[in-house]
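Working notes, structure below.
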Amino acid sequence: MTKYRKNRSDAKRKRRRRQSRPRRNHVYSVVESLAREGVREKLQHALEAERDEIVGRGYYEHGGTQPRARQEALPVVYRNGYHKKRCLVCGCGTVDVQVPRLERPYESAIVPRYERMTPEMKALLPELYLHGLSTGDFEPAMGWLLGEGAPLSKATIVRLKAGWEAQYKDWKRRKMDKEYLYVWADGIYPKGGPIDENLCLLVVYGVTRTGTKELLALEEGYRESEESWKGVFRDLKNRGLAWIGLVVGDGIKGLWKAVREVYPRSRRQRCWVHRMRNILDKVPDKAYDEVLEHLRKIYHAKSEKESRSLIREFAVRYQRLYPKAVDCLMDSCEQLLAYFSFPRCHWKSIKTTNPIESLFSTVKLRTKAARRMRTRMSTLCLVFQTLKLSDRRFRRINGYNQVAPTIDAMNNSKNTSKLRNAA
């Protein structure tokens, strides 16, 4: 007869494993010990004062200090000792507290039920993850600072990050301004989701009437197709974005087809940096520096007339030698020169997608540190939080006082000449 053996649950197995780990012997300095003890005493006194206020009388008092009529109307509440000792993580570390009990249950406003971490610490730990600390590094890195009882396991950090998805969904439903003068659109390919799938994130930034740069859209997809970009721009339109002055992007055909369909009145500016790379790919190494120098002259031209003259010179000079490079430049000539219709102080910002490419470099560093994330949503939320963090460092566009007048001039067909004069 086989001997019966009870299977242990996973919870018991994990608890035994945690108990078998060697505990850290924290030896704090006198200043650190006094600070933690002072916080513990003040917190305990505050909890007991909250309890006494609910009871309405001190120890060994029957009626309290309230009027007799009010005492008869209110039910009598009795003290009932303390709950079990609990570790609470705060800015100074981990302190032990005992929440007082009453005969009937009540919710403490100072230390809520099941609370083991202050709201500030709950906000800090995901912020540290956002800056590059992985989930497995919190316990060895922060354990010595916060104490042995601090909840710093991987599951805790993942649970604290769960609020990011709700923030992203609320952000997606927000109402938008009606008009944006400039919009940059591009795609990024972080490592996230199943290994056999590629994740593409479509990002759109815009400039408001006040000249501030704002993240408008962040959507996931599999590629930068026409339908994907249409979905992004249609969503923007449904949330209130009725007009875009100029769309700046690279050479993805799906982007431009979507812009023509959803925002047909918008002008289109091709990124000079991407187009110059395409042109240089079609010339041999021996002519690379020479062609690059000529393209730079076109890029830094001070007027549309000068730029067109340099483009004609480029075509005449290299048509027989490098016809593919000339065709690559001439095919997108009009879109490359669209920025000349806008104020001169904005030219540097709208000739390329550099304002959005600089943000992508920060995102790539963070996603590379996290290696490959398991789900697409976790990757999307991490990129969203990284971009929102970068928004704090964004300054307004150069010549921001010219943004609102330019929008008004473009919306009024009679003022198109004023727009040219401003440029």
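For the structure tokens, the naming scheme is as follows: chains receive sequential letters (A, B, ...) according to their order of presentation, residues are indexed from 1 within each chain, and ligands are indexed from 1 in presentation order.
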
* Find the residues near stretch 98-108 of chain A: any atom within 12 Å, counting only C-alpha atoms, skip ones fewer than 2 places away on the same chain, and give them as a PyMOL selection string. => chain A and resi 40-41+43-55+75-88+95-96+110-116

* Asked: Mind checking DSSP for stretch 288-406 of chain A and telling me the helix (DSSP H, G or I) residues as a ChimeraX atom specification?
  -> /A:288-299,304-318,323-331,333-336,338-341,344-350,354-369,376-391,400-406

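Across the structure, atom CA of A:Leu295 and atom CA of A:Trp272 are spaced 9.5 Å apart.
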
* Pick from A:Leu160, A:Lys253, A:Asp408, A:Asn401, whichever lies nearest to A:Ser228 using only C-alpha atoms ->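 Ranking A:Leu160, A:Lys253, A:Asp408, A:Asn401 by distance to A:Ser228, first place goes to A:Lys253.
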
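Residue nearest A:Arg268, chosen from A:Glu165, A:Asp285, A:Asp250, A:Asp177 and counting only C-alpha atoms: A:Asp250.
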
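The neighbours of A:Leu380 here are the residues that come within 10 Å of it, using only C-alpha atoms and leaving out any residue fewer than 4 positions away in the same chain; they are Trp164, Glu165, Tyr168, Pro190, Gly192, Gly193, Leu199, Cys200, Leu201, Leu218, Glu219, Glu220, Met373, Thr375, Arg376, Phe384, Gln385 and Thr386 of chain A.
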
Can those selected residues be exported to a file as a CSV table (one decimal), in the first residue's frame so that it contains N, CA and C atoms?
chain,number,residue,atom,x,y,z
A,164,TRP,N,0.1,52.0,-15.3
A,164,TRP,CA,0.5,52.7,-16.5
A,164,TRP,C,-0.5,52.4,-17.6
A,165,GLU,N,-1.1,51.2,-17.7
A,165,GLU,CA,-2.0,50.9,-18.7
A,165,GLU,C,-3.3,51.7,-18.6
A,168,TYR,N,-2.4,55.2,-19.9
A,168,TYR,CA,-2.4,55.3,-21.3
A,168,TYR,C,-3.8,55.3,-22.0
A,190,PRO,N,10.5,48.8,-31.3
A,190,PRO,CA,11.2,48.3,-30.1
A,190,PRO,C,11.1,46.8,-30.0
A,192,GLY,N,9.6,43.9,-28.3
A,192,GLY,CA,8.5,43.6,-27.4
A,192,GLY,C,7.5,42.7,-28.1
A,193,GLY,N,6.8,41.9,-27.3
A,193,GLY,CA,5.8,41.0,-27.8
A,193,GLY,C,6.4,39.6,-28.1
A,199,LEU,N,7.0,44.4,-33.6
A,199,LEU,CA,6.2,45.5,-33.0
A,199,LEU,C,6.6,46.8,-33.6
A,200,CYS,N,5.6,47.5,-34.2
A,200,CYS,CA,5.8,48.8,-34.7
A,200,CYS,C,5.0,49.8,-34.0
A,201,LEU,N,5.6,50.9,-33.4
A,201,LEU,CA,4.8,51.9,-32.7
A,201,LEU,C,4.8,53.2,-33.6
A,218,LEU,N,0.2,57.6,-30.0
A,218,LEU,CA,1.1,56.5,-29.9
A,218,LEU,C,0.3,55.2,-30.1
A,219,GLU,N,0.4,54.6,-31.2
A,219,GLU,CA,-0.4,53.4,-31.5
A,219,GLU,C,0.5,52.3,-31.9
A,220,GLU,N,0.1,51.0,-31.6
A,220,GLU,CA,0.8,49.9,-31.9
A,220,GLU,C,0.3,49.3,-33.2
A,373,MET,N,10.6,42.6,-24.0
A,373,MET,CA,9.5,42.5,-23.1
A,373,MET,C,8.5,41.5,-23.6
A,375,THR,N,5.0,41.1,-23.5
A,375,THR,CA,3.8,41.5,-24.1
A,375,THR,C,3.9,42.8,-24.8
A,376,ARG,N,3.0,43.0,-25.8
A,376,ARG,CA,3.0,44.2,-26.6
A,376,ARG,C,2.6,45.4,-25.8
A,384,PHE,N,5.4,54.8,-23.8
A,384,PHE,CA,4.5,55.9,-23.5
A,384,PHE,C,5.0,56.7,-22.3
A,385,GLN,N,5.4,56.0,-21.2
A,385,GLN,CA,5.9,56.7,-20.0
A,385,GLN,C,7.2,57.4,-20.3
A,386,THR,N,8.1,56.7,-21.1
A,386,THR,CA,9.4,57.3,-21.5
A,386,THR,C,9.2,58.6,-22.3
